[in-house]
Structures are given as C-alpha cells and as structure tokens.
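> Attaching a single structure in structure tokens format; questions to follow.
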Amino acid sequence: MIRVQREDFDIGRELEALTTGNRSVGGVCAFVGLVRDIAGDQAIRAMTLEHYPAMTEKALAQIEAEAKARWPLEATLVIHRYGRLEPGDRIVLVATASAHRQAAFEACHFLIDWLKTKAPFWKLEDTADGAQWVDARAADGAAAARWLDPKAPAAPGKAAE
Amino acid sequence: MKILYFAWLRERVGTGAEEVAPPTTVATVGQLVDWLKARGGGHARALADPSLVRVAVNQEYVTLNHPVQPGDEIAFFPPVTGG
C-alpha cells in the first residue's frame with residue numbers, strides 16, 4: 001500500500017494493521033526516516049518537502065511492484081509525508097511483511113534505497129543562512145545501484161530462501 | 001503541451017507550470033530543452049546544466065531522445081531527495 005500525505009502517522013498502528021488477519025506472516029521489518037536537526041555543519045530549523053503529486057504515487061507503486069516481484073512478501077507499506085516538517089518529525093515509513101525475516105529485511109532496504117533515488121520528492125531546508133535545496137547524495141545513488149547488480153549478495157531474495 | 005517545474009528549477013524559471021506550443025520541429029525532450037533555453041531568462045538559467053536536470057514525460061522518467069507531442073505533460077526537476 002502507498003500513502004502520500006501531509007499528516008503524521010502512528011508507527012504502531014500502521015505495523016499492526018499491516019499484518020492483522022494474516023497468519024502467514026513470520027516477520028515484519030520497518031524503516032522510519034526522521035528529520036535531523038543538522039545537515040553538514042548547519043542547524044536545521046525546519047524542512048519543507050515538495051513533491052510531484054501526479055507522479056509520486058505512480059513512482060512509489062512501481063517501486064513497490066518491483067519489490068513484490070523480487071521477494072515473497074505478504075504485505076508492504078510505504079507512507080511518505082510532504083509539507084513543512086521540524087527536526088524529530090517522521091518523514092517516511094517503509095514496512096515489509098514476509099513468512100521469513102530475510103525477505104522482509106532485504107525488501108525493506110531495497111524499498112527505501114530506491115525510493116530515495118526515484119520518488120519525486122525534494123527537500124528544502126530552513127537554516128540560519130536561509131532556505132537551501134538539499135543536493136542529491138552520490139552515496140544514495142550508489143546504494144540504489146547496488147540493487148541493480150544481480151550478483152549483489154542481498155538482492156536475489158527469492159533464490160536465497 | 002504542459003510543462004511543469006519543481007524545486008529550484010521552479011524558482012529559477014519563475015513558475016511551476018506553463019502551457020507551451022513549440023514548433024513541430026521540436027520532436028524530442030532534448031529539442032524542447034534547447035527551445036526553452038532559447039527563450040532566455042529564467043528558463044536558460046534553470047536548464048543550463050543538463051546533468052542537474054531530470055525529465056519525466058507523462059509521469060515517467062525519460063532521457064533526452066524521448067519524443068514529445070502536443071498533449072504531453074513534461075516535468076523538469078533536480079535529482080530527487082526524498083526519504
């Protein structure tokens with residue numbers, strides 16, 4: 001399931017709902033992204049997340065479909081917020097449920113890595129020097145590209161089961 | 001066709017959305033970029049460095065040789081930074 005929303009979310013409630021009624025699930029893995037109070041050496045007062053509404057859900061659904069094609073998943077959830085957020089606020093929740101932990105761990109890692117380089121969101125940080133758009137990090141591209149290599153140790157989840 | 005700009009590209013262009021009607025010789029994304037840059041001003045500044053610009057046609061990532069046609073929604077934006 002994909003949700004793009006301004007509002008906060010309740011992690012416990014979301015994880016509970018993800019597996020309610022499904023006794024095939026043996027493990028749930030979750031990643032929660034938060035707003036840091038510092039970027040480089042600059043204090044962050046707030047952050048505004050802009051996105052491309054018509055494309056965001058489409059892109060996230062494609063990423064989710066790719067995860068489901070690669071791993072035996074019982075359920076997936078991606079919630080991504082937009083709008084103005086402050087340090088400590090939750091930005092994103094990625095959760096995966098599977099019969100076994102390996103698929104849940106790997107698919108969760110894959111989802112957040114690909115989301116960071118493919119979903120059309122942009123962060124504008126509010127600092128003492130004014131508002132600054134966050135630059136994409138080369139490390140994020142490398143983290144996402146790792147999942148393109150079929151020989152990467154973590155990627156072939158289905159075969160490794 | 002409808003053109004959308006996001007993040008700092010939107011700020012440099014000075015608008016988030018515009019309708020344009022380029023000549024029929026503009027058949028690809030790359031030709032559209034050149035045509036928009038030729039308008040000068042904010043467009044030229046926003047699109048100056050192609051390595052910093054990502055393009056989506058009808059909400060799908062494409063490269064500069066992708067075709068464009070009337071009725072398309074074409075979005076220009078910097079590398080994404082969500083998550």
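Following the order of the structure tokens, chains are lettered A, B, ..., residues in each are numbered from 1, and ligands are numbered from 1.
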Could you list the residues in chain B lying within 6 Å of chain A, using only C-alpha atoms, and format the result as an NGL selection string?

:B and (59 or 79-83)

> Using DSSP on the backbone, list every residue of chain A that comes out as strand (DSSP E), and give them as a count of residues only.

54

> Using only C-alpha atoms, which of the listed residues (B:Met1, B:Ala46, B:Leu36, B:Val26) sits closest to Gly14 (chain B)?

B:Ala46

> Give the alpha helix (DSSP H) residues of region 5-76 of chain B, as DSSP finds them on the backbone, and put them as a PyMOL selection string.

chain B and resi 7-13+29-37+41-46

> List as a list in words the protein and nucleic acid residues near Asp34 (chain B), meaning an atom at most 12 Å away when only C-alpha atoms are counted, but skip any in the same chain fewer than 2 places from it.

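So, after excluding close chain neighbours, the residues are Pro22, Thr25, Val26, Ala27, Thr28, Val29, Gly30, Gln31, Leu32, Leu36, Lys37, Ala38, Arg39, Gly40, His43, Ala44, Ala46, Leu47, Ala48, Asp49, Pro50 and Leu64 of chain B.
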
> For those residues, write N, CA and C atoms to a file as a tab-separated table (two decimals), in the first residue's frame.


```tsv
chain	number	residue	atom	x	y	z
B	22	PRO	N	5.44	24.68	-28.89
B	22	PRO	CA	6.65	24.83	-29.70
B	22	PRO	C	6.37	24.44	-31.16
B	25	THR	N	9.09	21.29	-35.31
B	25	THR	CA	10.48	20.81	-35.38
B	25	THR	C	10.97	20.34	-34.01
B	26	VAL	N	10.25	20.71	-32.95
B	26	VAL	CA	10.60	20.26	-31.60
B	26	VAL	C	9.92	18.91	-31.37
B	27	ALA	N	10.71	17.84	-31.57
B	27	ALA	CA	10.12	16.49	-31.54
B	27	ALA	C	10.61	15.63	-30.38
B	28	THR	N	11.69	16.08	-29.73
B	28	THR	CA	12.24	15.29	-28.61
B	28	THR	C	12.40	16.17	-27.38
B	29	VAL	N	12.62	15.50	-26.24
B	29	VAL	CA	12.85	16.24	-24.99
B	29	VAL	C	14.06	17.17	-25.14
B	30	GLY	N	15.13	16.65	-25.77
B	30	GLY	CA	16.34	17.45	-25.94
B	30	GLY	C	16.08	18.70	-26.76
B	31	GLN	N	15.27	18.55	-27.82
B	31	GLN	CA	14.93	19.73	-28.66
B	31	GLN	C	14.03	20.70	-27.89
B	32	LEU	N	13.19	20.15	-27.03
B	32	LEU	CA	12.34	21.01	-26.20
B	32	LEU	C	13.19	21.82	-25.22
B	36	LEU	N	13.32	25.79	-25.06
B	36	LEU	CA	13.00	26.54	-23.82
B	36	LEU	C	14.18	27.43	-23.41
B	37	LYS	N	15.42	26.88	-23.53
B	37	LYS	CA	16.61	27.66	-23.15
B	37	LYS	C	16.75	28.91	-24.02
B	38	ALA	N	16.35	28.77	-25.29
B	38	ALA	CA	16.48	29.89	-26.23
B	38	ALA	C	15.55	31.04	-25.86
B	39	ARG	N	14.58	30.75	-25.01
B	39	ARG	CA	13.71	31.85	-24.54
B	39	ARG	C	14.44	32.75	-23.55
B	40	GLY	N	15.63	32.27	-23.06
B	40	GLY	CA	16.47	33.09	-22.20
B	40	GLY	C	15.93	33.20	-20.79
B	43	HIS	N	14.39	30.48	-17.83
B	43	HIS	CA	14.47	29.16	-18.47
B	43	HIS	C	15.91	28.78	-18.77
B	44	ALA	N	16.68	29.73	-19.29
B	44	ALA	CA	18.08	29.45	-19.64
B	44	ALA	C	18.88	29.12	-18.38
B	46	ALA	N	17.66	27.91	-15.49
B	46	ALA	CA	17.18	26.67	-14.87
B	46	ALA	C	17.71	25.44	-15.60
B	47	LEU	N	17.81	25.54	-16.93
B	47	LEU	CA	18.15	24.36	-17.74
B	47	LEU	C	19.61	24.37	-18.20
B	48	ALA	N	20.42	25.28	-17.62
B	48	ALA	CA	21.79	25.49	-18.10
B	48	ALA	C	22.63	24.22	-18.01
B	49	ASP	N	22.52	23.47	-16.90
B	49	ASP	CA	23.36	22.29	-16.70
B	49	ASP	C	22.51	21.03	-16.77
B	50	PRO	N	22.54	20.35	-17.93
B	50	PRO	CA	21.67	19.17	-18.11
B	50	PRO	C	21.94	18.06	-17.10
B	64	LEU	N	16.83	12.32	-22.94
B	64	LEU	CA	16.67	13.48	-23.83
B	64	LEU	C	16.18	13.12	-25.24
```

> Report as a PyMOL selection string all protein, DNA and RNA residues lying within 6 Å of region 75-77 of chain B, evaluated on only C-alpha atoms, omitting residues in the same chain fewer than 2 positions from it.

chain B and resi 3-6+53-56

> Could you write those residues out with N, CA and C atoms, as a PDB file, in the first residue's frame?


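Final file, selection-v9.pdb:
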```pdb
ATOM      1  N   ILE B   3       4.094  22.092 -19.332  1.00  0.00           N
ATOM      2  CA  ILE B   3       5.429  21.942 -18.757  1.00  0.00           C
ATOM      3  C   ILE B   3       5.350  22.239 -17.262  1.00  0.00           C
ATOM      4  N   LEU B   4       5.938  21.370 -16.451  1.00  0.00           N
ATOM      5  CA  LEU B   4       5.981  21.556 -15.004  1.00  0.00           C
ATOM      6  C   LEU B   4       7.436  21.687 -14.552  1.00  0.00           C
ATOM      7  N   TYR B   5       7.650  22.501 -13.524  1.00  0.00           N
ATOM      8  CA  TYR B   5       8.982  22.662 -12.938  1.00  0.00           C
ATOM      9  C   TYR B   5       8.866  22.471 -11.432  1.00  0.00           C
ATOM     10  N   PHE B   6       9.868  21.806 -10.846  1.00  0.00           N
ATOM     11  CA  PHE B   6       9.835  21.577  -9.409  1.00  0.00           C
ATOM     12  C   PHE B   6      11.131  22.038  -8.743  1.00  0.00           C
ATOM     13  N   VAL B  53      19.444  18.129 -14.297  1.00  0.00           N
ATOM     14  CA  VAL B  53      18.010  18.150 -14.628  1.00  0.00           C
ATOM     15  C   VAL B  53      17.508  16.744 -14.948  1.00  0.00           C
ATOM     16  N   ARG B  54      16.434  16.343 -14.280  1.00  0.00           N
ATOM     17  CA  ARG B  54      15.754  15.083 -14.604  1.00  0.00           C
ATOM     18  C   ARG B  54      14.463  15.432 -15.338  1.00  0.00           C
ATOM     19  N   VAL B  55      14.018  14.518 -16.224  1.00  0.00           N
ATOM     20  CA  VAL B  55      12.834  14.782 -17.031  1.00  0.00           C
ATOM     21  C   VAL B  55      11.853  13.625 -16.928  1.00  0.00           C
ATOM     22  N   ALA B  56      10.572  13.954 -16.794  1.00  0.00           N
ATOM     23  CA  ALA B  56       9.517  12.947 -16.867  1.00  0.00           C
ATOM     24  C   ALA B  56       8.510  13.387 -17.927  1.00  0.00           C
TER      25      ALA B  56
END
```

> So which residues touch Gly40 (chain A) within 12 Å, counting only C-alpha atoms, skipping near sequence neighbours fewer than 3 positions away, as a list in words?

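Surrounding residues, per the criterion: Arg36, Asp37, Ala43, Ile44, Glu125, Thr127, Val134 and Asp135 of chain A.
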
> Write to file, as a compact mmCIF listing (two decimals), in the first residue's frame, the residues of the selection just made, with C-alpha atoms.


```txt
# COMPACT_ATOMS: atom_id res chain seq x y z
CA ARG A 36 17.60 15.62 11.57
CA ASP A 37 18.40 18.89 13.34
CA ALA A 43 21.45 23.69 12.14
CA ILE A 44 18.08 22.92 10.55
CA GLU A 125 15.98 23.08 4.45
CA THR A 127 18.71 27.25 8.04
CA VAL A 134 19.16 19.63 -0.48
CA ASP A 135 21.57 18.21 -3.06
```
